[in-house]
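Structure file input.pdb with PDB, C-alpha atoms, pLDDT in the B column:
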```
ATOM      1  CA  MET A   7      44.917  51.159 117.849  1.00 56.00           C
ATOM      2  CA  ALA A   8      46.300  52.800 114.917  1.00 60.00           C
ATOM      3  CA  HIS A   9      49.298  51.297 113.348  1.00 60.00           C
ATOM      4  CA  ARG A  10      52.063  53.813 113.157  1.00 60.00           C
ATOM      5  CA  THR A  11      54.993  53.618 110.917  1.00 59.00           C
ATOM      6  CA  SER A  12      58.186  54.394 112.759  1.00 57.00           C
ATOM      7  CA  SER A  13      61.632  54.537 111.343  1.00 55.00           C
ATOM      8  CA  PRO A  14      63.911  51.800 112.474  1.00 64.00           C
ATOM      9  CA  PRO A  15      66.677  52.794 114.925  1.00 72.00           C
ATOM     10  CA  THR A  16      69.296  52.057 112.298  1.00 81.00           C
ATOM     11  CA  LEU A  17      67.977  54.901 110.145  1.00 75.00           C
ATOM     12  CA  LEU A  18      68.448  57.389 113.017  1.00 78.00           C
ATOM     13  CA  LEU A  19      71.910  56.043 113.618  1.00 82.00           C
ATOM     14  CA  LEU A  20      72.838  56.496 109.956  1.00 82.00           C
ATOM     15  CA  LEU A  21      71.476  60.057 110.000  1.00 84.00           C
ATOM     16  CA  ALA A  22      73.594  60.899 113.095  1.00 86.00           C
ATOM     17  CA  VAL A  23      76.727  59.455 111.491  1.00 85.00           C
ATOM     18  CA  ALA A  24      76.078  61.456 108.317  1.00 87.00           C
ATOM     19  CA  VAL A  25      75.801  64.706 110.358  1.00 85.00           C
ATOM     20  CA  LEU A  26      79.068  63.958 112.189  1.00 82.00           C
ATOM     21  CA  VAL A  27      80.886  63.230 108.916  1.00 82.00           C
ATOM     22  CA  ALA A  28      79.578  66.475 107.393  1.00 82.00           C
ATOM     23  CA  PHE A  29      80.696  68.368 110.511  1.00 75.00           C
ATOM     24  CA  ALA A  30      84.143  66.767 110.315  1.00 78.00           C
ATOM     25  CA  ILE A  31      84.531  67.654 106.651  1.00 77.00           C
ATOM     26  CA  ALA A  32      83.361  71.241 107.148  1.00 73.00           C
ATOM     27  CA  PHE A  33      85.461  72.172 110.189  1.00 70.00           C
ATOM     28  CA  VAL A  34      88.428  69.820 110.360  1.00 62.00           C
ATOM     29  CA  ALA A  35      89.467  69.569 106.696  1.00 55.00           C
ATOM     30  CA  PRO A  36      90.099  73.345 106.070  1.00 55.00           C
ATOM     31  CA  GLN A  37      92.997  73.270 108.581  1.00 53.00           C
ATOM     32  CA  LYS A  38      94.927  71.122 106.144  1.00 50.00           C
ATOM     33  CA  GLU A  39      95.038  73.981 103.599  1.00 51.00           C
ATOM     34  CA  ILE A  40      96.791  76.924 105.297  1.00 53.00           C
ATOM     35  CA  GLY A  41      98.300  75.777 108.557  1.00 52.00           C
ATOM     36  CA  ALA A  42      98.690  72.095 107.904  1.00 53.00           C
ATOM     37  CA  GLY A  43     101.273  70.562 110.155  1.00 53.00           C
ATOM     38  CA  VAL A  44     102.486  73.803 111.709  1.00 54.00           C
ATOM     39  CA  ARG A  45     102.373  72.254 115.157  1.00 55.00           C
ATOM     40  CA  GLY A  46     102.567  68.651 113.988  1.00 54.00           C
ATOM     41  CA  ASN A  47     104.812  66.985 111.463  1.00 52.00           C
ATOM     42  CA  PHE A  48     107.496  69.443 110.349  1.00 51.00           C
ATOM     43  CA  VAL A  49     109.241  67.068 107.955  1.00 53.00           C
ATOM     44  CA  SER A  50     106.525  66.189 105.493  1.00 49.00           C
ATOM     45  CA  THR A  51     104.782  69.548 105.080  1.00 49.00           C
ATOM     46  CA  ASN A  52     105.787  72.620 103.133  1.00 54.00           C
ATOM     47  CA  VAL A  53     103.597  75.362 104.553  1.00 53.00           C
ATOM     48  CA  ILE A  54     103.435  78.843 103.092  1.00 57.00           C
ATOM     49  CA  ARG A  55     102.893  81.246 105.980  1.00 57.00           C
ATOM     50  CA  THR A  56     100.582  84.160 105.345  1.00 58.00           C
ATOM     51  CA  CYS A  57     100.507  87.541 107.020  1.00 59.00           C
ATOM     52  CA  GLY A  58      97.073  86.919 108.502  1.00 58.00           C
ATOM     53  CA  PRO A  59      96.060  85.879 111.998  1.00 58.00           C
ATOM     54  CA  SER A  60      96.853  82.424 113.277  1.00 56.00           C
ATOM     55  CA  VAL A  61      94.508  79.661 112.031  1.00 56.00           C
ATOM     56  CA  SER A  62      95.253  76.998 114.611  1.00 59.00           C
ATOM     57  CA  ARG A  63      92.588  76.326 117.237  1.00 62.00           C
ATOM     58  CA  GLY A  64      93.171  76.665 120.952  1.00 62.00           C
ATOM     59  CA  LEU A  65      96.011  79.212 120.690  1.00 64.00           C
ATOM     60  CA  SER A  66      95.531  82.882 121.413  1.00 66.00           C
ATOM     61  CA  THR A  67      97.360  85.338 119.171  1.00 71.00           C
ATOM     62  CA  MET A  68      99.452  88.250 120.456  1.00 75.00           C
ATOM     63  CA  ALA A  69      98.318  91.815 119.828  1.00 72.00           C
ATOM     64  CA  HIS A  70     100.407  93.815 117.377  1.00 75.00           C
ATOM     65  CA  LYS A  71      99.293  97.139 118.853  1.00 72.00           C
ATOM     66  CA  LYS A  72      99.669  98.096 122.483  1.00 65.00           C
ATOM     67  CA  GLY A  73      96.497  98.879 124.383  1.00 69.00           C
ATOM     68  CA  SER A  74      95.709 102.380 125.562  1.00 70.00           C
ATOM     69  CA  GLY A  75      98.011 102.451 128.566  1.00 70.00           C
ATOM     70  CA  SER A  76     100.934 104.560 129.641  1.00 70.00           C
ATOM     71  CA  THR A  77     103.696 105.092 127.129  1.00 71.00           C
ATOM     72  CA  GLU A  78     107.232 103.830 127.647  1.00 77.00           C
ATOM     73  CA  ASN A  79     108.823 106.844 125.964  1.00 78.00           C
ATOM     74  CA  GLY A  80     109.178 110.431 127.103  1.00 79.00           C
ATOM     75  CA  ARG A  81     112.197 110.311 129.420  1.00 85.00           C
ATOM     76  CA  ASP A  82     114.709 112.333 127.439  1.00 86.00           C
ATOM     77  CA  SER A  83     117.046 114.544 129.490  1.00 90.00           C
ATOM     78  CA  GLN A  84     117.792 118.170 128.746  1.00 92.00           C
ATOM     79  CA  SER A  85     120.941 118.822 126.697  1.00 93.00           C
ATOM     80  CA  LYS A  86     123.822 120.236 128.734  1.00 94.00           C
ATOM     81  CA  ARG A  87     125.161 122.516 125.976  1.00 96.00           C
ATOM     82  CA  LEU A  88     128.780 121.610 126.522  1.00 96.00           C
ATOM     83  CA  GLY A  89     131.691 122.596 124.291  1.00 96.00           C
ATOM     84  CA  LEU A  90     133.447 125.610 122.897  1.00 96.00           C
ATOM     85  CA  LYS A  91     131.800 128.980 123.607  1.00 97.00           C
ATOM     86  CA  VAL A  92     134.463 131.363 122.249  1.00 96.00           C
ATOM     87  CA  THR A  93     136.700 130.600 119.265  1.00 96.00           C
ATOM     88  CA  HIS A  94     140.408 131.261 118.808  1.00 95.00           C
ATOM     89  CA  GLY A  95     141.324 134.915 118.300  1.00 95.00           C
ATOM     90  CA  LYS A  96     138.192 136.507 119.797  1.00 96.00           C
ATOM     91  CA  VAL A  97     138.353 139.201 122.451  1.00 96.00           C
ATOM     92  CA  VAL A  98     136.560 138.285 125.685  1.00 96.00           C
ATOM     93  CA  PRO A  99     135.890 140.256 128.871  1.00 96.00           C
ATOM     94  CA  ALA A 100     137.008 138.947 132.270  1.00 96.00           C
ATOM     95  CA  GLY A 101     134.687 136.281 133.698  1.00 96.00           C
ATOM     96  CA  SER A 102     133.280 135.077 130.392  1.00 96.00           C
ATOM     97  CA  ILE A 103     133.015 131.337 129.762  1.00 97.00           C
ATOM     98  CA  ILE A 104     135.437 129.937 127.189  1.00 97.00           C
ATOM     99  CA  PHE A 105     134.784 126.171 127.295  1.00 97.00           C
ATOM    100  CA  ARG A 106     132.168 124.025 129.097  1.00 97.00           C
ATOM    101  CA  GLN A 107     133.231 120.417 129.660  1.00 97.00           C
ATOM    102  CA  ARG A 108     132.980 117.268 131.762  1.00 96.00           C
ATOM    103  CA  GLY A 109     136.479 116.497 132.973  1.00 94.00           C
ATOM    104  CA  LEU A 110     139.472 118.432 131.701  1.00 92.00           C
ATOM    105  CA  THR A 111     139.339 117.972 127.940  1.00 94.00           C
ATOM    106  CA  VAL A 112     140.951 121.395 127.561  1.00 95.00           C
ATOM    107  CA  HIS A 113     143.325 122.482 130.320  1.00 94.00           C
ATOM    108  CA  PRO A 114     143.600 126.032 131.668  1.00 95.00           C
ATOM    109  CA  GLY A 115     146.552 128.157 130.626  1.00 94.00           C
ATOM    110  CA  LYS A 116     147.569 131.724 131.384  1.00 95.00           C
ATOM    111  CA  ASN A 117     144.782 133.980 132.702  1.00 96.00           C
ATOM    112  CA  VAL A 118     142.228 131.153 132.574  1.00 97.00           C
ATOM    113  CA  GLY A 119     140.388 129.805 135.620  1.00 97.00           C
ATOM    114  CA  VAL A 120     138.560 126.512 136.230  1.00 97.00           C
ATOM    115  CA  GLY A 121     135.071 126.318 137.768  1.00 97.00           C
ATOM    116  CA  LYS A 122     133.829 123.522 140.013  1.00 96.00           C
ATOM    117  CA  ASP A 123     132.247 121.799 136.992  1.00 96.00           C
ATOM    118  CA  ASN A 124     135.544 122.128 135.011  1.00 96.00           C
ATOM    119  CA  THR A 125     134.277 125.120 133.038  1.00 97.00           C
ATOM    120  CA  LEU A 126     137.105 127.313 131.731  1.00 97.00           C
ATOM    121  CA  PHE A 127     136.616 131.053 132.137  1.00 98.00           C
ATOM    122  CA  ALA A 128     138.694 134.176 131.500  1.00 97.00           C
ATOM    123  CA  THR A 129     140.259 135.877 134.523  1.00 97.00           C
ATOM    124  CA  LYS A 130     141.377 138.930 132.527  1.00 96.00           C
ATOM    125  CA  THR A 131     140.089 140.721 129.466  1.00 96.00           C
ATOM    126  CA  GLY A 132     141.994 139.633 126.396  1.00 96.00           C
ATOM    127  CA  VAL A 133     142.238 137.491 123.267  1.00 97.00           C
ATOM    128  CA  VAL A 134     141.509 133.749 123.423  1.00 97.00           C
ATOM    129  CA  GLN A 135     144.322 131.527 122.206  1.00 96.00           C
ATOM    130  CA  PHE A 136     144.384 127.713 122.056  1.00 96.00           C
ATOM    131  CA  SER A 137     147.623 125.739 121.928  1.00 95.00           C
ATOM    132  CA  ASN A 138     148.989 122.239 122.419  1.00 93.00           C
ATOM    133  CA  GLY A 139     151.626 121.448 125.021  1.00 88.00           C
ATOM    134  CA  SER A 140     152.439 119.593 128.211  1.00 80.00           C
ATOM    135  CA  VAL A 141     150.533 120.843 131.225  1.00 74.00           C
ATOM    136  CA  ASN A 142     153.205 120.217 133.855  1.00 71.00           C
ATOM    137  CA  ARG A 143     156.621 118.608 134.028  1.00 67.00           C
ATOM    138  CA  ALA A 144     155.707 115.288 135.682  1.00 72.00           C
ATOM    139  CA  LYS A 145     156.534 111.979 133.986  1.00 71.00           C
ATOM    140  CA  LYS A 146     152.852 111.074 133.803  1.00 66.00           C
ATOM    141  CA  SER A 147     151.979 114.145 131.769  1.00 62.00           C
ATOM    142  CA  LYS A 148     154.452 113.797 128.904  1.00 71.00           C
ATOM    143  CA  ARG A 149     151.587 113.645 126.419  1.00 78.00           C
ATOM    144  CA  ILE A 150     150.443 116.738 124.605  1.00 83.00           C
ATOM    145  CA  ARG A 151     147.217 118.344 125.781  1.00 89.00           C
ATOM    146  CA  LYS A 152     144.974 121.165 124.590  1.00 94.00           C
ATOM    147  CA  ILE A 153     145.437 124.374 126.557  1.00 95.00           C
ATOM    148  CA  ALA A 154     143.387 127.589 126.542  1.00 96.00           C
ATOM    149  CA  HIS A 155     145.133 130.923 127.202  1.00 96.00           C
ATOM    150  CA  ILE A 156     144.034 134.524 127.461  1.00 97.00           C
ATOM    151  CA  ILE A 157     146.504 137.019 126.046  1.00 96.00           C
ATOM    152  CA  PRO A 158     145.753 140.343 127.830  1.00 95.00           C
ATOM    153  CA  GLU A 159     144.898 143.261 125.625  1.00 85.00           C
ATOM    154  CA  GLU A 160     147.397 146.044 125.728  1.00 78.00           C
ATOM    155  CA  PRO A 161     145.771 149.421 125.976  1.00 70.00           C
ATOM    156  CA  VAL A 162     146.238 151.406 122.801  1.00 63.00           C
ATOM    157  CA  ALA A 163     148.109 154.620 123.487  1.00 62.00           C
ATOM    158  CA  GLU A 164     146.304 157.577 122.084  1.00 65.00           C
ATOM    159  CA  THR A 165     148.553 159.817 120.109  1.00 68.00           C
ATOM    160  CA  HIS A 166     147.475 163.323 119.610  1.00 69.00           C
ATOM    161  CA  VAL A 167     148.471 164.388 116.163  1.00 65.00           C
ATOM    162  CA  GLU A 168     148.169 167.990 115.505  1.00 68.00           C
ATOM    163  CA  GLN A 169     146.214 168.742 112.471  1.00 64.00           C
ATOM    164  CA  LEU A 170     147.375 171.498 110.209  1.00 59.00           C
TER     165      LEU A 170
END
```
Once more with this new file: its structure as structure tokens, please.
Amino acid sequence: MAHRTSSPPTLLLLLAVAVLVAFAIAFVAPQKEIGAGVRGNFVSTNVIRTCGPSVSRGLSTMAHKKGSGSTENGRDSQSKRLGLKVTHGKVVPAGSIIFRQRGLTVHPGKNVGVGKDNTLFATKTGVVQFSNGSVNRAKKSKRIRKIAHIIPEEPVAETHVEQL
């Protein structure tokens, strides 16, 4: 029989330990540089956080962009176009809208009607006039409120002047 030279079992054991130490140095030691002690000892470490992804093992990071799903936006309602439609001193025909509103911000005065949505409209052709005053004589309504009036136009009399 041929005599074979075999390595003693202690040599294999030393080789295995050396591989484990090299593995430990290569993969465990770099955690001490960037994220050292982030989840561990908070007192003794001063860690500078970077803007990169998380370095710690075993934790999943959150996405900073939403996946391609449905959007959460896009539910804007149409504008209602409320407010003043005719300014003070303008001539309006009967039935034209003077002021669109929610609630009675401006109260109706002479020759002004109120629609079911509190829209003020002219009941006669005339000039729009806004004023401030009490709406009625009750104790509750002592405060001054805005009032819209229509002053009817007086027909201009035509005078026939004889020309010489």
The PyMOL selection byres ((chain A and resi 102) around 9) resolved against shown file, as a PDB file with C-alpha atoms, in the coordinates of the input:
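Result went into part_32.pdb, see below:
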```
ATOM      1  CA  VAL A  98     136.560 138.285 125.685  1.00 96.00           C
ATOM      2  CA  PRO A  99     135.890 140.256 128.871  1.00 96.00           C
ATOM      3  CA  ALA A 100     137.008 138.947 132.270  1.00 96.00           C
ATOM      4  CA  GLY A 101     134.687 136.281 133.698  1.00 96.00           C
ATOM      5  CA  ILE A 103     133.015 131.337 129.762  1.00 97.00           C
ATOM      6  CA  ILE A 104     135.437 129.937 127.189  1.00 97.00           C
ATOM      7  CA  LEU A 126     137.105 127.313 131.731  1.00 97.00           C
ATOM      8  CA  PHE A 127     136.616 131.053 132.137  1.00 98.00           C
ATOM      9  CA  ALA A 128     138.694 134.176 131.500  1.00 97.00           C
ATOM     10  CA  THR A 129     140.259 135.877 134.523  1.00 97.00           C
ATOM     11  CA  THR A 131     140.089 140.721 129.466  1.00 96.00           C
TER      12      THR A 131
END
```
Revision key, fill the gap. Of A:Lys96, A:Lys86, A:Arg81, A:Arg106, the one nearest to Gly119 of chain A when counting only C-alpha atoms is A:Arg106
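With only C-alpha atoms as the atoms that count, the residue of A:Asn117, A:Thr125, A:Asn79, A:Ser137 with the shortest distance to Ile157 of chain A is A:Asn117.
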Exercise for review: Carefully work through the PyMOL selection byres ((chain A and resi 153) around 9) for this structure and note down the residues it includes, as number ranges by chain.
Suggested key: A: 111-115, 135-141, 151-152, 154-155
Check your understanding: atom CA of Glu159 of chain A and atom CA of Asn124 of chain A, how far apart in Å?
Key ->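 That distance, rounded to one decimal, is 24.9 Å.
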Exercise for review: State, in Å with one decimal place, the distance from atom CA of Asp123 of chain A to atom CA of Lys145 of chain A.
Suggested key: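 Between these atoms lies a distance of 26.4 Å.
Pairwise distance (atom CA of Lys116 of chain A, atom CA of His94 of chain A) equals 14.5 Å.
With all atoms listed in the file as the atoms that count, the residue of A:Thr67, A:Thr93, A:Asn142, A:Ser76 with the shortest distance to Ile156 of chain A is A:Thr93.
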**Study point:** Pick from A:Gly75, A:Pro158, A:Gly80, A:Gly121, whichever lies nearest to Arg108 of chain A using only C-alpha atoms
**Key:**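 Closest residue, counting only C-alpha atoms: A:Gly121.
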